[in-house]
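One file, model_30.cif, carrying mmCIF, C-alpha atoms:
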```cif
data_target
#
loop_
_atom_site.label_atom_id
_atom_site.label_comp_id
_atom_site.auth_asym_id
_atom_site.auth_seq_id
_atom_site.Cartn_x
_atom_site.Cartn_y
_atom_site.Cartn_z
CA MET K 1 12.86 60.03 17.04
CA GLU K 2 10.56 62.85 15.98
CA ARG K 3 8.48 62.45 12.84
CA THR K 4 8.02 65.46 10.55
CA VAL K 5 4.31 66.06 10.03
CA SER K 6 4.71 69.21 7.95
CA SER K 7 7.47 71.65 7.10
CA ARG K 8 7.07 75.31 6.25
CA LEU K 9 9.83 77.42 4.71
CA ILE K 10 9.51 80.72 6.55
CA HIS K 11 12.48 82.40 4.92
CA GLU K 12 14.97 81.46 2.24
CA GLY K 13 18.08 83.28 3.30
CA ARG K 14 21.36 84.24 1.71
CA ARG K 15 23.34 81.70 3.70
CA PHE K 16 20.70 79.55 5.36
CA ASP K 17 16.97 78.87 5.45
CA PHE K 18 14.60 79.19 8.36
CA LEU K 19 11.83 76.60 8.75
CA GLN K 20 8.92 75.87 11.01
CA ASP K 21 8.09 72.18 11.20
CA GLU K 22 5.30 70.37 12.94
CA VAL K 23 6.61 67.15 14.47
CA GLU K 24 5.15 64.15 16.23
CA LEU K 25 6.99 62.98 19.33
CA PRO K 26 7.27 59.28 20.29
CA SER K 27 4.48 59.94 22.83
CA GLY K 28 2.15 60.93 19.99
CA LEU K 29 2.19 64.55 21.15
CA ARG K 30 2.62 67.11 18.38
CA THR K 31 4.78 70.20 18.72
CA ARG K 32 6.52 72.80 16.57
CA ARG K 33 10.23 72.98 15.90
CA GLU K 34 11.73 76.17 14.50
CA ILE K 35 15.02 75.49 12.84
CA VAL K 36 17.84 76.97 10.83
CA ARG K 37 18.85 74.80 7.85
CA HIS K 38 22.48 75.63 7.28
CA PRO K 39 24.83 74.22 4.60
CA GLY K 40 27.59 73.68 7.18
CA ALA K 41 30.88 75.46 7.68
CA VAL K 42 34.57 75.01 8.31
CA ALA K 43 36.91 76.50 10.90
CA ILE K 44 40.67 76.41 10.66
CA VAL K 45 43.43 76.65 13.27
CA PRO K 46 46.38 77.92 11.20
CA VAL K 47 49.67 76.98 12.89
CA LEU K 48 52.76 78.88 11.67
CA PRO K 49 56.14 77.06 11.52
CA ASP K 50 57.16 78.82 14.77
CA GLY K 51 54.00 77.53 16.52
CA ARG K 52 52.14 80.84 16.55
CA ILE K 53 48.47 80.84 15.53
CA VAL K 54 46.83 83.06 12.90
CA LEU K 55 43.58 84.62 14.16
CA VAL K 56 41.15 87.07 12.60
CA ARG K 57 39.28 89.96 14.16
CA GLN K 58 36.03 91.03 12.55
CA TYR K 59 32.89 92.94 13.45
CA ARG K 60 30.01 90.56 14.16
CA TYR K 61 26.68 92.25 13.59
CA ALA K 62 24.72 89.68 15.63
CA ALA K 63 27.03 90.20 18.61
CA GLY K 64 27.22 93.96 18.07
CA LYS K 65 31.01 94.04 18.42
CA PRO K 66 34.24 92.74 16.91
CA LEU K 67 35.30 89.23 17.93
CA LEU K 68 38.68 87.54 17.80
CA GLU K 69 38.25 84.17 16.08
CA ILE K 70 39.92 81.43 14.14
CA PRO K 71 39.29 81.77 10.38
CA ALA K 72 36.04 80.15 9.23
CA GLY K 73 33.49 80.16 6.47
CA THR K 74 30.34 78.62 5.05
CA LEU K 75 30.40 75.66 2.67
CA GLU K 76 29.37 76.40 -0.89
CA GLU K 77 26.96 73.98 -2.56
CA GLY K 78 28.62 70.62 -3.11
CA GLU K 79 31.96 71.89 -1.78
CA ASP K 80 34.27 69.45 -0.02
CA PRO K 81 34.94 70.74 3.53
CA VAL K 82 38.71 70.43 3.17
CA GLU K 83 38.63 72.48 -0.06
CA CYS K 84 36.42 75.04 1.68
CA ALA K 85 38.95 75.21 4.54
CA ARG K 86 41.79 75.80 2.06
CA ARG K 87 39.78 78.52 0.26
CA GLU K 88 38.56 80.32 3.38
CA LEU K 89 42.03 80.29 4.93
CA ILE K 90 43.46 82.07 1.89
CA GLU K 91 40.50 84.48 1.59
CA GLU K 92 40.56 85.54 5.24
CA THR K 93 44.25 85.39 6.17
CA GLY K 94 46.26 85.26 2.93
CA TYR K 95 47.92 81.99 3.98
CA GLU K 96 47.90 78.88 1.81
CA ALA K 97 48.25 75.57 3.69
CA SER K 98 50.13 72.56 2.33
CA ASP K 99 48.72 70.33 5.07
CA LEU K 100 45.17 70.35 6.47
CA LYS K 101 44.42 67.84 9.23
CA GLU K 102 40.87 67.16 10.41
CA ILE K 103 40.29 67.76 14.13
CA LEU K 104 36.58 67.01 14.59
CA SER K 105 33.11 68.06 13.44
CA CYS K 106 30.26 69.21 15.65
CA TYR K 107 26.82 70.80 15.81
CA MET K 108 27.09 74.38 17.04
CA ALA K 109 23.49 74.82 18.23
CA PRO K 110 21.60 71.53 17.78
CA GLY K 111 18.57 72.86 19.64
CA TYR K 112 17.63 74.98 16.62
CA SER K 113 20.22 74.64 13.87
CA ASP K 114 21.65 71.79 11.81
CA GLU K 115 24.89 73.69 11.26
CA VAL K 116 27.93 71.42 11.50
CA ILE K 117 31.39 72.98 11.65
CA HIS K 118 34.28 70.88 10.38
CA PHE K 119 37.49 71.81 12.21
CA TYR K 120 40.95 71.58 10.68
CA GLU K 121 44.43 72.43 11.76
CA ALA K 122 46.52 73.93 8.98
CA HIS K 123 50.27 73.50 8.67
CA GLY K 124 52.84 74.29 5.99
CA LEU K 125 51.58 77.88 5.71
CA ARG K 126 52.82 80.19 2.97
CA GLU K 127 51.71 83.81 2.42
CA VAL K 128 49.89 84.36 -0.87
CA GLY K 129 47.71 87.41 -0.05
CA ALA K 130 44.16 87.67 1.34
CA SER K 131 40.98 88.25 -0.68
CA PRO K 132 38.08 88.91 1.71
CA GLU K 133 34.51 89.06 0.45
CA GLU K 134 33.05 92.47 -0.31
CA ASP K 135 31.03 92.65 2.93
CA GLU K 136 33.81 91.30 5.14
CA SER K 137 36.34 93.47 6.93
CA ILE K 138 38.92 91.24 8.54
CA GLU K 139 42.12 92.02 10.47
CA VAL K 140 44.70 89.27 10.81
CA GLU K 141 46.33 88.84 14.24
CA VAL K 142 49.11 86.38 14.96
CA SER K 143 49.47 85.18 18.59
CA GLU K 144 51.35 82.65 20.68
CA LEU K 145 49.25 79.59 21.53
CA GLY K 146 49.86 80.16 25.26
CA GLN K 147 48.48 83.67 25.00
CA ILE K 148 45.37 82.46 23.17
CA VAL K 149 44.78 79.84 25.87
CA ARG K 150 45.02 82.62 28.47
CA MET K 151 42.54 84.73 26.47
CA ILE K 152 40.14 81.77 26.58
CA GLU K 153 40.64 81.31 30.33
CA GLU K 154 40.09 85.03 30.91
CA ASN K 155 37.04 84.95 28.59
CA VAL K 156 38.52 87.63 26.33
CA ILE K 157 37.89 85.21 23.47
CA GLU K 158 34.12 84.82 23.30
CA ASP K 159 33.63 82.74 20.17
CA ALA K 160 32.63 79.09 20.60
CA LYS K 161 34.37 77.69 17.51
CA THR K 162 37.63 79.40 18.48
CA ILE K 163 37.51 77.85 21.95
CA ILE K 164 36.86 74.41 20.42
CA GLY K 165 39.56 74.69 17.74
CA ILE K 166 42.24 75.83 20.20
CA ARG K 167 41.23 73.46 23.02
CA CYS K 168 41.12 70.44 20.69
CA LEU K 169 44.30 71.19 18.74
CA LYS K 170 46.31 67.99 18.36
CA GLU K 171 49.79 69.02 17.20
CA LYS K 172 51.07 71.70 19.57
CA MET J 1 30.99 98.77 13.22
CA GLU J 2 27.89 98.19 11.11
CA ARG J 3 25.01 100.65 11.36
CA THR J 4 21.46 99.29 11.29
CA VAL J 5 19.52 100.99 8.49
CA SER J 6 16.32 98.99 8.96
CA SER J 7 15.23 95.86 10.77
CA ARG J 8 12.45 93.49 9.75
CA LEU J 9 11.02 90.84 12.06
CA ILE J 10 10.56 87.85 9.76
CA HIS J 11 9.34 85.46 12.41
CA GLU J 12 8.56 85.69 16.09
CA GLY J 13 9.40 82.25 17.36
CA ARG J 14 8.72 80.22 20.48
CA ARG J 15 12.28 80.49 21.75
CA PHE J 16 13.88 83.08 19.47
CA ASP J 17 13.12 85.60 16.74
CA PHE J 18 14.43 85.71 13.21
CA LEU J 19 15.25 89.11 11.68
CA GLN J 20 16.46 90.55 8.43
CA ASP J 21 18.34 93.80 8.85
CA GLU J 22 19.77 96.17 6.32
CA VAL J 23 23.12 97.48 7.52
CA GLU J 24 25.64 100.05 6.38
CA LEU J 25 29.27 98.97 6.48
CA PRO J 26 32.12 101.39 7.37
CA SER J 27 32.84 101.58 3.62
CA GLY J 28 29.35 102.98 3.03
CA LEU J 29 28.29 99.77 1.27
CA ARG J 30 24.90 98.43 2.32
CA THR J 31 24.18 94.75 2.82
CA ARG J 32 21.65 92.47 4.51
CA ARG J 33 22.24 90.53 7.72
CA GLU J 34 19.90 87.67 8.61
CA ILE J 35 20.04 86.95 12.29
CA VAL J 36 18.59 84.89 15.10
CA ARG J 37 17.79 86.98 18.20
CA HIS J 38 18.06 84.55 21.06
CA PRO J 39 17.51 85.20 24.80
CA GLY J 40 20.69 83.31 25.70
CA ALA J 41 21.17 79.99 27.41
CA VAL J 42 23.08 78.13 30.08
CA ALA J 43 25.03 74.88 30.00
CA ILE J 44 26.11 72.99 33.09
CA VAL J 45 28.90 70.49 33.73
CA PRO J 46 27.56 68.56 36.74
CA VAL J 47 30.43 66.96 38.67
CA LEU J 48 29.44 64.19 41.13
CA PRO J 49 31.41 63.83 44.41
CA ASP J 50 33.30 60.86 42.87
CA GLY J 51 34.34 63.02 39.88
CA ARG J 52 31.98 61.46 37.36
CA ILE J 53 29.99 63.77 35.08
CA VAL J 54 26.22 63.76 34.52
CA LEU J 55 25.31 63.93 30.82
CA VAL J 56 21.97 63.83 29.01
CA ARG J 57 21.03 62.12 25.79
CA GLN J 58 18.16 63.56 23.79
CA TYR J 59 16.82 63.49 20.27
CA ARG J 60 17.72 66.67 18.40
CA TYR J 61 15.29 67.35 15.59
CA ALA J 62 17.63 69.76 13.77
CA ALA J 63 20.40 67.15 13.77
CA GLY J 64 18.01 64.29 13.03
CA LYS J 65 19.47 62.07 15.75
CA PRO J 66 20.04 61.81 19.49
CA LEU J 67 23.07 63.64 20.87
CA LEU J 68 24.97 63.16 24.11
CA GLU J 69 25.31 66.55 25.78
CA ILE J 70 25.85 68.39 29.01
CA PRO J 71 22.55 69.68 30.46
CA ALA J 72 21.48 73.05 29.08
CA GLY J 73 18.51 75.31 28.58
CA THR J 74 17.23 78.66 27.41
CA LEU J 75 17.01 81.69 29.70
CA GLU J 76 13.53 82.82 30.61
CA GLU J 77 12.78 86.52 30.42
CA GLY J 78 14.71 88.41 33.09
CA GLU J 79 16.13 85.20 34.54
CA ASP J 80 19.56 85.27 36.16
CA PRO J 81 21.83 82.79 34.32
CA VAL J 82 22.93 81.10 37.55
CA GLU J 83 19.28 80.58 38.58
CA CYS J 84 18.53 79.23 35.12
CA ALA J 85 21.46 76.81 35.47
CA ARG J 86 20.13 75.61 38.83
CA ARG J 87 16.61 75.16 37.39
CA GLU J 88 17.67 73.43 34.17
CA LEU J 89 20.01 71.07 36.02
CA ILE J 90 17.14 69.88 38.21
CA GLU J 91 14.64 69.70 35.33
CA GLU J 92 16.90 67.69 33.05
CA THR J 93 18.90 65.51 35.45
CA GLY J 94 17.12 65.55 38.81
CA TYR J 95 20.23 66.87 40.58
CA GLU J 96 20.24 69.98 42.73
CA ALA J 97 23.61 71.75 43.02
CA SER J 98 24.79 73.51 46.18
CA ASP J 99 27.68 75.14 44.30
CA LEU J 100 27.60 76.61 40.78
CA LYS J 101 30.85 78.07 39.50
CA GLU J 102 31.00 80.15 36.31
CA ILE J 103 33.38 78.81 33.65
CA LEU J 104 32.95 81.25 30.76
CA SER J 105 30.36 82.69 28.37
CA CYS J 106 30.53 82.63 24.59
CA TYR J 107 28.69 83.23 21.32
CA MET J 108 27.79 79.91 19.72
CA ALA J 109 27.31 81.13 16.13
CA PRO J 110 28.14 84.87 15.97
CA GLY J 111 27.89 84.88 12.17
CA TYR J 112 24.10 84.72 12.41
CA SER J 113 22.98 84.45 16.04
CA ASP J 114 23.38 86.53 19.18
CA GLU J 115 22.97 83.47 21.39
CA VAL J 116 25.37 83.51 24.33
CA ILE J 117 25.76 80.38 26.44
CA HIS J 118 26.85 80.85 30.05
CA PHE J 119 28.80 77.80 31.23
CA TYR J 120 28.83 76.59 34.83
CA GLU J 121 30.34 73.71 36.67
CA ALA J 122 28.04 72.27 39.32
CA HIS J 123 29.26 70.69 42.54
CA GLY J 124 27.58 69.52 45.74
CA LEU J 125 25.00 67.52 43.79
CA ARG J 126 22.00 65.93 45.51
CA GLU J 127 19.27 63.91 43.77
CA VAL J 128 15.83 65.49 43.99
CA GLY J 129 14.10 64.08 40.87
CA ALA J 130 13.90 65.32 37.27
CA SER J 131 11.01 67.25 35.72
CA PRO J 132 11.57 67.55 31.95
CA GLU J 133 9.36 69.79 29.83
CA GLU J 134 6.46 68.18 28.01
CA ASP J 135 8.22 68.11 24.62
CA GLU J 136 11.58 66.92 26.01
CA SER J 137 12.59 63.29 26.32
CA ILE J 138 15.86 63.10 28.15
CA GLU J 139 17.95 60.15 29.34
CA VAL J 140 20.54 60.77 32.04
CA GLU J 141 23.97 59.13 31.56
CA VAL J 142 26.76 59.30 34.12
CA SER J 143 30.33 58.88 32.80
CA GLU J 144 33.93 59.16 33.93
CA LEU J 145 35.58 62.40 32.80
CA GLY J 146 38.36 60.44 31.05
CA GLN J 147 35.81 58.55 29.02
CA ILE J 148 34.03 61.76 27.99
CA VAL J 149 37.36 63.26 26.90
CA ARG J 150 37.95 60.14 24.77
CA MET J 151 34.46 60.49 23.28
CA ILE J 152 35.37 64.05 22.29
CA GLU J 153 38.70 62.94 20.78
CA GLU J 154 36.94 60.16 18.85
CA ASN J 155 34.21 62.62 17.78
CA VAL J 156 31.48 60.45 19.32
CA ILE J 157 30.38 63.58 21.16
CA GLU J 158 29.24 66.00 18.44
CA ASP J 159 27.79 68.87 20.42
CA ALA J 160 29.78 72.11 20.58
CA LYS J 161 28.70 73.24 24.06
CA THR J 162 29.57 69.83 25.52
CA ILE J 163 33.06 70.01 24.02
CA ILE J 164 33.53 73.51 25.45
CA GLY J 165 32.17 72.66 28.91
CA ILE J 166 34.33 69.56 29.30
CA ARG J 167 37.49 71.05 27.74
CA CYS J 168 37.27 74.19 29.86
CA LEU J 169 36.39 72.50 33.16
CA LYS J 170 38.48 74.01 35.95
CA GLU J 171 38.13 71.66 38.94
CA LYS J 172 38.93 68.16 37.78
#
```
Turn the structure described in the file into structure tokens.
Amino acid sequence: MERTVSSRLIHEGRRFDFLQDEVELPSGLRTRREIVRHPGAVAIVPVLPDGRIVLVRQYRYAAGKPLLEIPAGTLEEGEDPVECARRELIEETGYEASDLKEILSCYMAPGYSDEVIHFYEAHGLREVGASPEEDESIEVEVSELGQIVRMIEENVIEDAKTIIGIRCLKEK
Amino acid sequence: MERTVSSRLIHEGRRFDFLQDEVELPSGLRTRREIVRHPGAVAIVPVLPDGRIVLVRQYRYAAGKPLLEIPAGTLEEGEDPVECARRELIEETGYEASDLKEILSCYMAPGYSDEVIHFYEAHGLREVGASPEEDESIEVEVSELGQIVRMIEENVIEDAKTIIGIRCLKEK
């Protein structure tokens, strides 16, 4: 347990805030913790009726290159994660899901961020047309599950949430 | 591709920096990207000769609770990831590894952070005594692999890197 002594909002961001807190450790020692306060996110493994998986490729500014990923997005204020998953899946891939099954939730970088990603697998997919956000440029790529597993093993896929979603998929 | 128009250092942190960049998208549209610049990290799956795995439990201030994780740590400037893995494994668990095998590397949160974690599996373990950092309080827990897999399936383990390390382990 670490007690918050003081908390300073360093930056109020578009999608998350950045804080510097002073905390007291159980030993009585005081130290600083710099953390990202994130609203949370969802990631979806969209499984087509023939078993193939719908992935997205997009340029990631932080990484400085495009990454191949499962669809994902940030929770809006007060939004239910399953509704967010349904919305983001349509926005990014153009597929509507009749069945969203929770896989798991986890902290992506608990050393400095409270971001939790809620993972879903999506079945009963039907094409309705994508509607990406203005600053998103997303290409949809459909692949066999076996090929995606190979891309993980060969480290061609370099995105943590994609590795988790594919490796923890329940209905194969 | 997104071209950096300007970059502003909002905060120079203890372990990472926080920046706000203005970028130009291929469409010509300009937008802001808020990003964490992180030196990178390592995570280690330490496999004992009897096949059990060495985990660590520590309080995570960002998450507001203790999490059960594989050992991990941040790269020091210019440090080779495999040396960092060797060092962090000793510091956090007290085990020295004679054999460190690379599993994969991935971006933990490429939407806002350039942090890459390099994953290793560690074999040939020998106890030499732990030396945690002053502001770390770490308990070592040794578990059967099968039990850790169940804890992932039941979402008792909530840390992304631990899920990746265990799910992508090669030598079981």
Distance filter 7 Å, all atoms listed in the file, chain J against chain K, as a ChimeraX atom specification: /J:1-2,35,59-63,104-114,155,158-160,163-164,167
Would you mind aligning chain J to chain K, a least-squares fit over all C-alpha atoms taken in order, and returning the superposed chain as an mmCIF file with C-alpha atoms, in the coordinates of the input?
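Below is the file superposed36.cif, written as the result:
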```
data_model
loop_
_atom_site.group_PDB
_atom_site.id
_atom_site.type_symbol
_atom_site.label_atom_id
_atom_site.label_comp_id
_atom_site.auth_asym_id
_atom_site.auth_seq_id
_atom_site.Cartn_x
_atom_site.Cartn_y
_atom_site.Cartn_z
ATOM 1 C CA MET J 1 12.848 60.056 17.051
ATOM 2 C CA GLU J 2 10.528 62.862 15.981
ATOM 3 C CA ARG J 3 8.459 62.433 12.827
ATOM 4 C CA THR J 4 8.000 65.440 10.544
ATOM 5 C CA VAL J 5 4.281 66.063 10.023
ATOM 6 C CA SER J 6 4.700 69.204 7.922
ATOM 7 C CA SER J 7 7.452 71.653 7.088
ATOM 8 C CA ARG J 8 7.052 75.328 6.242
ATOM 9 C CA LEU J 9 9.821 77.429 4.719
ATOM 10 C CA ILE J 10 9.511 80.734 6.568
ATOM 11 C CA HIS J 11 12.471 82.410 4.939
ATOM 12 C CA GLU J 12 14.950 81.484 2.256
ATOM 13 C CA GLY J 13 18.073 83.297 3.312
ATOM 14 C CA ARG J 14 21.376 84.250 1.731
ATOM 15 C CA ARG J 15 23.361 81.704 3.715
ATOM 16 C CA PHE J 16 20.702 79.548 5.373
ATOM 17 C CA ASP J 17 16.972 78.871 5.468
ATOM 18 C CA PHE J 18 14.595 79.199 8.372
ATOM 19 C CA LEU J 19 11.827 76.598 8.758
ATOM 20 C CA GLN J 20 8.914 75.857 11.009
ATOM 21 C CA ASP J 21 8.082 72.177 11.203
ATOM 22 C CA GLU J 22 5.293 70.364 12.935
ATOM 23 C CA VAL J 23 6.592 67.145 14.463
ATOM 24 C CA GLU J 24 5.124 64.143 16.220
ATOM 25 C CA LEU J 25 6.957 62.980 19.325
ATOM 26 C CA PRO J 26 7.252 59.269 20.280
ATOM 27 C CA SER J 27 4.471 59.924 22.821
ATOM 28 C CA GLY J 28 2.130 60.918 19.989
ATOM 29 C CA LEU J 29 2.165 64.549 21.148
ATOM 30 C CA ARG J 30 2.615 67.096 18.374
ATOM 31 C CA THR J 31 4.768 70.188 18.715
ATOM 32 C CA ARG J 32 6.502 72.795 16.558
ATOM 33 C CA ARG J 33 10.235 72.961 15.885
ATOM 34 C CA GLU J 34 11.724 76.170 14.497
ATOM 35 C CA ILE J 35 15.015 75.483 12.830
ATOM 36 C CA VAL J 36 17.846 76.976 10.831
ATOM 37 C CA ARG J 37 18.859 74.799 7.855
ATOM 38 C CA HIS J 38 22.483 75.631 7.281
ATOM 39 C CA PRO J 39 24.855 74.234 4.610
ATOM 40 C CA GLY J 40 27.603 73.690 7.188
ATOM 41 C CA ALA J 41 30.886 75.465 7.687
ATOM 42 C CA VAL J 42 34.581 75.024 8.306
ATOM 43 C CA ALA J 43 36.911 76.517 10.898
ATOM 44 C CA ILE J 44 40.681 76.416 10.654
ATOM 45 C CA VAL J 45 43.433 76.641 13.266
ATOM 46 C CA PRO J 46 46.384 77.910 11.202
ATOM 47 C CA VAL J 47 49.673 76.981 12.887
ATOM 48 C CA LEU J 48 52.766 78.888 11.661
ATOM 49 C CA PRO J 49 56.140 77.055 11.517
ATOM 50 C CA ASP J 50 57.166 78.827 14.768
ATOM 51 C CA GLY J 51 54.009 77.536 16.516
ATOM 52 C CA ARG J 52 52.141 80.831 16.555
ATOM 53 C CA ILE J 53 48.478 80.842 15.517
ATOM 54 C CA VAL J 54 46.835 83.074 12.901
ATOM 55 C CA LEU J 55 43.579 84.614 14.157
ATOM 56 C CA VAL J 56 41.154 87.081 12.584
ATOM 57 C CA ARG J 57 39.281 89.945 14.154
ATOM 58 C CA GLN J 58 36.024 91.021 12.559
ATOM 59 C CA TYR J 59 32.899 92.923 13.459
ATOM 60 C CA ARG J 60 30.013 90.558 14.163
ATOM 61 C CA TYR J 61 26.681 92.243 13.592
ATOM 62 C CA ALA J 62 24.715 89.679 15.631
ATOM 63 C CA ALA J 63 27.023 90.204 18.611
ATOM 64 C CA GLY J 64 27.232 93.960 18.072
ATOM 65 C CA LYS J 65 31.017 94.027 18.430
ATOM 66 C CA PRO J 66 34.243 92.729 16.917
ATOM 67 C CA LEU J 67 35.296 89.223 17.933
ATOM 68 C CA LEU J 68 38.682 87.533 17.794
ATOM 69 C CA GLU J 69 38.247 84.182 16.068
ATOM 70 C CA ILE J 70 39.928 81.431 14.141
ATOM 71 C CA PRO J 71 39.291 81.758 10.380
ATOM 72 C CA ALA J 72 36.047 80.159 9.228
ATOM 73 C CA GLY J 73 33.476 80.174 6.477
ATOM 74 C CA THR J 74 30.339 78.638 5.054
ATOM 75 C CA LEU J 75 30.400 75.673 2.671
ATOM 76 C CA GLU J 76 29.372 76.394 -0.885
ATOM 77 C CA GLU J 77 26.976 73.986 -2.542
ATOM 78 C CA GLY J 78 28.643 70.620 -3.101
ATOM 79 C CA GLU J 79 31.967 71.882 -1.767
ATOM 80 C CA ASP J 80 34.290 69.450 -0.011
ATOM 81 C CA PRO J 81 34.939 70.731 3.542
ATOM 82 C CA VAL J 82 38.717 70.419 3.174
ATOM 83 C CA GLU J 83 38.623 72.477 -0.053
ATOM 84 C CA CYS J 84 36.429 75.035 1.681
ATOM 85 C CA ALA J 85 38.957 75.214 4.534
ATOM 86 C CA ARG J 86 41.787 75.798 2.054
ATOM 87 C CA ARG J 87 39.781 78.517 0.251
ATOM 88 C CA GLU J 88 38.563 80.311 3.379
ATOM 89 C CA LEU J 89 42.032 80.287 4.938
ATOM 90 C CA ILE J 90 43.453 82.072 1.898
ATOM 91 C CA GLU J 91 40.511 84.486 1.585
ATOM 92 C CA GLU J 92 40.561 85.547 5.221
ATOM 93 C CA THR J 93 44.250 85.392 6.159
ATOM 94 C CA GLY J 94 46.261 85.257 2.935
ATOM 95 C CA TYR J 95 47.920 81.980 3.963
ATOM 96 C CA GLU J 96 47.903 78.873 1.808
ATOM 97 C CA ALA J 97 48.253 75.576 3.700
ATOM 98 C CA SER J 98 50.129 72.561 2.333
ATOM 99 C CA ASP J 99 48.717 70.324 5.080
ATOM 100 C CA LEU J 100 45.163 70.346 6.467
ATOM 101 C CA LYS J 101 44.424 67.854 9.220
ATOM 102 C CA GLU J 102 40.868 67.172 10.412
ATOM 103 C CA ILE J 103 40.298 67.768 14.134
ATOM 104 C CA LEU J 104 36.594 67.025 14.598
ATOM 105 C CA SER J 105 33.124 68.073 13.432
ATOM 106 C CA CYS J 106 30.279 69.230 15.642
ATOM 107 C CA TYR J 107 26.824 70.804 15.805
ATOM 108 C CA MET J 108 27.095 74.382 17.037
ATOM 109 C CA ALA J 109 23.493 74.837 18.231
ATOM 110 C CA PRO J 110 21.607 71.531 17.771
ATOM 111 C CA GLY J 111 18.573 72.868 19.644
ATOM 112 C CA TYR J 112 17.625 74.974 16.624
ATOM 113 C CA SER J 113 20.227 74.636 13.864
ATOM 114 C CA ASP J 114 21.663 71.803 11.801
ATOM 115 C CA GLU J 115 24.906 73.700 11.254
ATOM 116 C CA VAL J 116 27.938 71.430 11.501
ATOM 117 C CA ILE J 117 31.399 72.979 11.651
ATOM 118 C CA HIS J 118 34.296 70.873 10.380
ATOM 119 C CA PHE J 119 37.494 71.810 12.222
ATOM 120 C CA TYR J 120 40.953 71.588 10.669
ATOM 121 C CA GLU J 121 44.430 72.421 11.756
ATOM 122 C CA ALA J 122 46.527 73.945 8.987
ATOM 123 C CA HIS J 123 50.275 73.485 8.682
ATOM 124 C CA GLY J 124 52.851 74.288 6.009
ATOM 125 C CA LEU J 125 51.593 77.864 5.707
ATOM 126 C CA ARG J 126 52.824 80.180 2.949
ATOM 127 C CA GLU J 127 51.692 83.786 2.423
ATOM 128 C CA VAL J 128 49.897 84.355 -0.868
ATOM 129 C CA GLY J 129 47.685 87.383 -0.061
ATOM 130 C CA ALA J 130 44.155 87.674 1.350
ATOM 131 C CA SER J 131 40.974 88.236 -0.662
ATOM 132 C CA PRO J 132 38.067 88.899 1.730
ATOM 133 C CA GLU J 133 34.495 89.033 0.457
ATOM 134 C CA GLU J 134 33.023 92.438 -0.288
ATOM 135 C CA ASP J 135 30.998 92.616 2.947
ATOM 136 C CA GLU J 136 33.804 91.274 5.175
ATOM 137 C CA SER J 137 36.339 93.449 6.946
ATOM 138 C CA ILE J 138 38.915 91.239 8.546
ATOM 139 C CA GLU J 139 42.112 92.018 10.459
ATOM 140 C CA VAL J 140 44.704 89.271 10.799
ATOM 141 C CA GLU J 141 46.326 88.836 14.244
ATOM 142 C CA VAL J 142 49.118 86.375 14.959
ATOM 143 C CA SER J 143 49.472 85.184 18.581
ATOM 144 C CA GLU J 144 51.356 82.652 20.669
ATOM 145 C CA LEU J 145 49.252 79.598 21.532
ATOM 146 C CA GLY J 146 49.853 80.170 25.266
ATOM 147 C CA GLN J 147 48.483 83.669 24.997
ATOM 148 C CA ILE J 148 45.369 82.468 23.154
ATOM 149 C CA VAL J 149 44.781 79.842 25.853
ATOM 150 C CA ARG J 150 45.012 82.625 28.465
ATOM 151 C CA MET J 151 42.542 84.721 26.458
ATOM 152 C CA ILE J 152 40.135 81.776 26.569
ATOM 153 C CA GLU J 153 40.639 81.311 30.329
ATOM 154 C CA GLU J 154 40.083 85.042 30.901
ATOM 155 C CA ASN J 155 37.039 84.952 28.582
ATOM 156 C CA VAL J 156 38.532 87.630 26.317
ATOM 157 C CA ILE J 157 37.907 85.209 23.464
ATOM 158 C CA GLU J 158 34.117 84.813 23.291
ATOM 159 C CA ASP J 159 33.628 82.739 20.173
ATOM 160 C CA ALA J 160 32.635 79.090 20.597
ATOM 161 C CA LYS J 161 34.374 77.690 17.503
ATOM 162 C CA THR J 162 37.637 79.404 18.469
ATOM 163 C CA ILE J 163 37.500 77.847 21.936
ATOM 164 C CA ILE J 164 36.861 74.416 20.406
ATOM 165 C CA GLY J 165 39.569 74.714 17.737
ATOM 166 C CA ILE J 166 42.249 75.826 20.188
ATOM 167 C CA ARG J 167 41.248 73.450 23.014
ATOM 168 C CA CYS J 168 41.118 70.454 20.688
ATOM 169 C CA LEU J 169 44.311 71.194 18.746
ATOM 170 C CA LYS J 170 46.329 67.998 18.366
ATOM 171 C CA GLU J 171 49.812 69.063 17.215
ATOM 172 C CA LYS J 172 51.069 71.718 19.582
#
```
Test item: the PyMOL selection byres ((chain J and resi 144) around 12) resolved as JSON, numbers by chain: {"J": [46, 47, 48, 49, 50, 51, 52, 53, 54, 55, 141, 142, 143, 145, 146, 147, 148, 149, 150, 151, 166, 172]}
Polymer residues at most 9 Å from Ala97 (chain K), only C-alpha atoms, same-chain spacing of 3 or more positions, as a PyMOL selection string: chain K and resi 46+86+89-90+100+122-126
Selected residue of minimal separation from Glu79 (chain K) among K:Glu91, K:Ala41, K:Ser98, K:Val128, counting all atoms listed in the file: K:Ala41
Point-to-point distance from CA of Val42 (chain J) to CA of Leu68 (chain J), Å rounded to tenths: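 It comes out at 16.2 Å.
Picture a line from CA of Glu127 (chain J) to CA of Glu96 (chain J); it runs 6.2 Å.
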Atomic distance CA of Glu22 (chain J) - CA of Ile138 (chain K), expressed in Å with one decimal: 19.9 Å
Which residue of K:Leu169, K:Ala43, K:Ile70, K:Val56 approaches Cys84 (chain K) most closely, using only C-alpha atoms: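 Ranked by minimum distance to Cys84 (chain K), first place goes to K:Ala43.
Counting all atoms listed in the file, the residue from J:Glu88, J:Glu121, J:Asp99, J:Glu139 that sits nearest to Leu75 (chain J) is J:Glu88.
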Let me know the centre plus edge lengths, in Å and rounded to one decimal, of a box with edges along x, y and z that contains all listed atoms of region 118-134 of chain J and is padded by 4 Å on every side, as JSON.
```
{"center_x": 18.4, "center_y": 72.4, "center_z": 36.9, "size_x": 31.9, "size_y": 24.9, "size_z": 25.7}
```
